[in-house]
$ cat structure.cif   # mmCIF, C-alpha atoms
data_final
#
loop_
_atom_site.label_atom_id
_atom_site.label_comp_id
_atom_site.auth_asym_id
_atom_site.auth_seq_id
_atom_site.Cartn_x
_atom_site.Cartn_y
_atom_site.Cartn_z
CA MET A 1 -21.51 -74.00 -4.81
CA ASP A 2 -21.96 -70.28 -5.44
CA VAL A 3 -25.17 -69.18 -7.12
CA GLU A 4 -25.35 -65.80 -8.72
CA PRO A 5 -28.47 -63.73 -7.97
CA SER A 6 -29.33 -63.51 -11.66
CA GLN A 7 -29.38 -67.33 -11.94
CA ALA A 8 -31.37 -67.67 -8.73
CA ALA A 9 -34.08 -65.36 -10.04
CA SER A 10 -34.41 -67.33 -13.26
CA TYR A 11 -34.86 -70.61 -11.32
CA LYS A 12 -37.04 -68.98 -8.64
CA CYS A 13 -34.87 -70.12 -5.73
CA ARG A 14 -32.75 -68.41 -3.12
CA PRO A 15 -28.99 -68.67 -2.86
CA VAL A 16 -27.69 -71.43 -0.62
CA GLU A 17 -25.90 -69.06 1.74
CA LEU A 18 -29.15 -67.38 2.80
CA ILE A 19 -30.87 -70.69 3.61
CA THR A 20 -28.05 -72.00 5.79
CA THR A 21 -27.66 -68.82 7.87
CA GLN A 22 -31.34 -68.23 8.67
CA ASN A 23 -32.54 -69.40 12.12
CA PRO A 24 -29.78 -71.78 13.14
CA VAL A 25 -31.11 -74.50 15.44
CA SER A 26 -29.02 -77.00 17.31
CA ALA A 27 -30.11 -80.10 19.16
CA SER A 28 -28.53 -78.89 22.40
CA THR A 29 -30.71 -75.73 22.56
CA GLN A 30 -33.82 -77.74 21.80
CA ALA A 31 -33.06 -80.27 24.54
CA ALA A 32 -32.35 -77.48 27.02
CA THR A 33 -35.72 -75.85 26.39
CA ASP A 34 -37.54 -79.18 26.83
CA LYS A 35 -35.86 -79.75 30.19
CA THR A 36 -36.39 -76.24 31.53
CA ALA A 37 -40.01 -75.83 30.48
CA PRO A 38 -42.20 -77.51 33.12
CA ARG A 39 -45.33 -79.23 31.91
CA MET A 40 -48.48 -77.52 33.03
CA GLY A 41 -51.59 -79.56 33.63
CA ALA A 42 -53.06 -82.15 35.90
CA ASN A 43 -50.58 -84.43 37.61
CA SER A 44 -52.92 -87.37 37.65
CA THR A 45 -51.47 -90.80 37.27
CA ALA A 46 -53.25 -93.11 34.91
CA PRO A 47 -54.38 -96.46 36.27
CA PRO A 48 -52.07 -99.31 35.29
CA ARG A 49 -53.09 -100.94 32.04
CA SER A 50 -54.25 -104.48 32.28
CA LYS A 51 -52.29 -106.96 30.25
CA LEU A 52 -53.82 -107.66 26.85
CA PRO A 53 -54.90 -111.21 26.02
CA PRO A 54 -52.75 -113.16 23.57
CA PRO A 55 -53.49 -112.81 19.85
CA ILE A 56 -55.48 -115.37 17.89
CA PHE A 57 -53.85 -116.69 14.71
CA LEU A 58 -56.20 -117.88 11.95
CA ARG A 59 -54.70 -120.56 9.74
CA LYS A 60 -54.28 -120.23 5.99
CA GLY A 61 -57.57 -121.89 5.02
CA ALA A 62 -59.83 -119.81 7.29
CA ASN A 63 -62.49 -117.69 5.58
CA PHE A 64 -61.88 -114.29 7.17
CA LEU A 65 -64.81 -112.59 5.40
CA LYS A 66 -67.26 -115.02 7.02
CA ILE A 67 -65.53 -114.69 10.40
CA SER A 68 -65.61 -110.89 10.16
CA THR A 69 -69.32 -110.72 9.28
CA ASP A 70 -70.18 -113.21 12.03
CA CYS A 71 -68.18 -111.17 14.54
CA ILE A 72 -70.13 -108.06 13.58
CA ARG A 73 -73.41 -109.97 13.89
CA LEU A 74 -72.42 -111.44 17.29
CA ARG A 75 -70.98 -108.09 18.48
CA ILE A 76 -67.48 -109.46 18.98
CA ASN A 77 -65.38 -106.31 18.63
CA TYR A 78 -61.74 -107.16 18.03
CA THR A 79 -59.37 -104.21 17.76
CA LYS A 80 -56.83 -105.09 15.09
CA THR A 81 -56.11 -107.66 12.39
CA VAL A 82 -52.77 -108.21 10.68
CA ARG A 83 -51.76 -110.55 7.85
CA THR A 84 -48.92 -112.86 8.81
CA ALA A 85 -46.09 -114.13 6.63
CA ASP A 86 -47.66 -117.58 6.15
CA ASP A 87 -50.91 -116.13 4.73
CA GLY A 88 -52.65 -116.35 8.07
CA ILE A 89 -54.36 -113.58 10.01
CA LYS A 90 -53.49 -112.38 13.51
CA ILE A 91 -56.40 -110.94 15.50
CA HIS A 92 -55.88 -108.75 18.58
CA CYS A 93 -58.62 -108.50 21.20
CA PRO A 94 -58.97 -105.51 23.56
CA ASP A 95 -60.00 -107.49 26.63
CA VAL A 96 -60.40 -110.98 28.04
CA GLU A 97 -64.18 -111.15 27.44
CA THR A 98 -63.75 -110.47 23.73
CA PHE A 99 -60.93 -113.01 23.56
CA ARG A 100 -63.08 -115.69 25.19
CA SER A 101 -66.13 -115.01 23.00
CA LEU A 102 -64.05 -115.02 19.79
CA ASN A 103 -62.26 -118.18 20.92
CA LYS A 104 -65.61 -119.88 21.65
CA TYR A 105 -67.01 -118.81 18.26
CA LEU A 106 -63.96 -120.20 16.41
CA VAL A 107 -64.16 -123.51 18.29
CA ASP A 108 -67.91 -123.85 17.66
CA THR A 109 -67.58 -123.15 13.93
CA GLU A 110 -64.51 -125.43 13.66
CA PHE A 111 -62.21 -122.89 12.00
CA GLN A 112 -58.52 -123.68 12.15
CA PHE A 113 -56.77 -121.29 14.52
CA HIS A 114 -54.07 -121.11 17.15
CA THR A 115 -53.77 -119.07 20.32
CA TYR A 116 -52.07 -119.16 23.71
CA ALA A 117 -53.62 -119.64 27.14
CA LEU A 118 -54.56 -116.62 29.18
CA GLU A 119 -52.08 -115.69 31.88
CA GLU A 120 -54.54 -116.34 34.71
CA GLU A 121 -55.30 -119.82 33.33
CA ARG A 122 -51.67 -120.96 33.09
CA LYS A 123 -50.43 -123.26 35.81
CA LEU A 124 -46.92 -123.40 37.18
CA LYS A 125 -45.44 -126.84 36.72
CA ALA A 126 -42.27 -128.18 38.32
CA VAL A 127 -40.58 -131.56 38.27
CA ILE A 128 -38.87 -132.63 41.48
CA CYS A 129 -36.58 -135.60 40.99
CA GLY A 130 -35.79 -138.14 43.67
CA ILE A 131 -39.06 -137.89 45.62
CA PRO A 132 -41.14 -141.03 46.14
CA THR A 133 -44.59 -141.13 44.51
CA ASP A 134 -46.33 -141.59 47.87
CA PHE A 135 -44.83 -138.34 49.25
CA PRO A 136 -47.62 -135.99 50.52
CA VAL A 137 -48.25 -132.88 48.40
CA GLU A 138 -48.52 -130.67 51.50
CA ASP A 139 -44.91 -131.43 52.41
CA SER A 140 -43.68 -130.65 48.91
CA SER A 141 -45.11 -127.12 49.03
CA ARG A 142 -42.65 -126.05 51.74
CA PRO A 143 -39.73 -123.91 50.58
CA MET A 144 -36.78 -125.84 49.20
CA ARG A 145 -33.19 -125.39 50.25
CA PRO A 146 -31.36 -122.88 48.04
CA GLY A 147 -28.64 -124.27 45.87
CA LEU A 148 -30.37 -127.46 44.78
CA PRO A 149 -29.85 -128.16 41.09
CA CYS A 150 -32.81 -127.62 38.81
CA ALA A 151 -32.88 -130.08 35.95
CA GLN A 152 -35.89 -128.83 33.98
CA THR A 153 -38.51 -126.08 34.16
CA LEU A 154 -41.79 -126.61 32.34
CA PRO A 155 -43.92 -123.79 30.93
#
$ encode --input "structure.cif" --output "structure tokens"
Amino acid sequence: MDVEPSQAASYKCRPVELITTQNPVSASTQAATDKTAPRMGANSTAPPRSKLPPPIFLRKGANFLKISTDCIRLRINYTKTVRTADDGIKIHCPDVETFRSLNKYLVDTEFQFHTYALEEERKLKAVICGIPTDFPVEDSSRPMRPGLPCAQTLP
């Protein structure tokens, strides 16, 4: 579309040709400058982040205003809350201590909630078929032969 300079002045805009030809930038030149420019600064590696505890899901009937004020009073500092699709609330805790204190508070006040076990508290469970019940546990902890069929793995 060609725009005449007299029309451009009346609309207070520049012609299209001038906009498209000024400072052409392509993605390939931008990527090349990012690769060639070394980052200056400290080469310190950050310590590995510890795994966050699982979120706590408040059920639909929970009174979040009361829970929130009690958490402030008890100095339980959760980091983030999100509404879920079923009108519940998902609470994220920054560390295990906060997770445990919030979990204890919710159990003591008998609010309806759901959460998952901490990773360090989960136990590995396995079912071994065909072993008599009087078989010693010490013998079952030895490595198994590879290639044996596994019927079921429990969480």
$ closest_residue --input "structure.cif" --among "A:Pro53, A:Val82, A:Thr69, A:Arg75" --to "Arg100 in chain A" --atoms "only C-alpha atoms"
A:Pro53
$ resolve_selection --input "structure.cif" --expression "the PyMOL selection byres ((chain A and resi 102-107) around 12)" --output "JSON, numbers by chain"
{"A": [53, 54, 55, 56, 57, 58, 59, 62, 63, 64, 66, 67, 68, 70, 71, 72, 73, 74, 75, 76, 77, 78, 79, 91, 92, 93, 94, 95, 96, 97, 98, 99, 100, 101, 108, 109, 110, 111, 112, 113, 114, 115, 116, 117, 118]}
$ axis_aligned_box --input "structure.cif" --around "range 81-88 of chain A" --padding-each-side "6 Å" --output "lines of an AutoDock Vina configuration file"
center_x = -51.1
center_y = -112.6
center_z = 8.6
size_x = 22.0
size_y = 21.9
size_z = 19.7
$ atom_distance --input "structure.cif" --atom1 "CA of Glu121 in chain A" --atom2 "CA of Phe135 in chain A"
26.6 Å
$ residues_around --input "structure.cif" --residues "Asp87 in chain A" --least-positions-apart "4" --cutoff "9 Å" --atoms "all atoms listed in the file" --output "number ranges by chain"
A: 59-61, 83
$ atom_distance --input "structure.cif" --atom1 "CA of Lys90 in chain A" --atom2 "CA of Leu65 in chain A"
13.9 Å
$ atom_distance --input "structure.cif" --atom1 "CA of Thr84 in chain A" --atom2 "CA of Ser50 in chain A"
25.5 Å
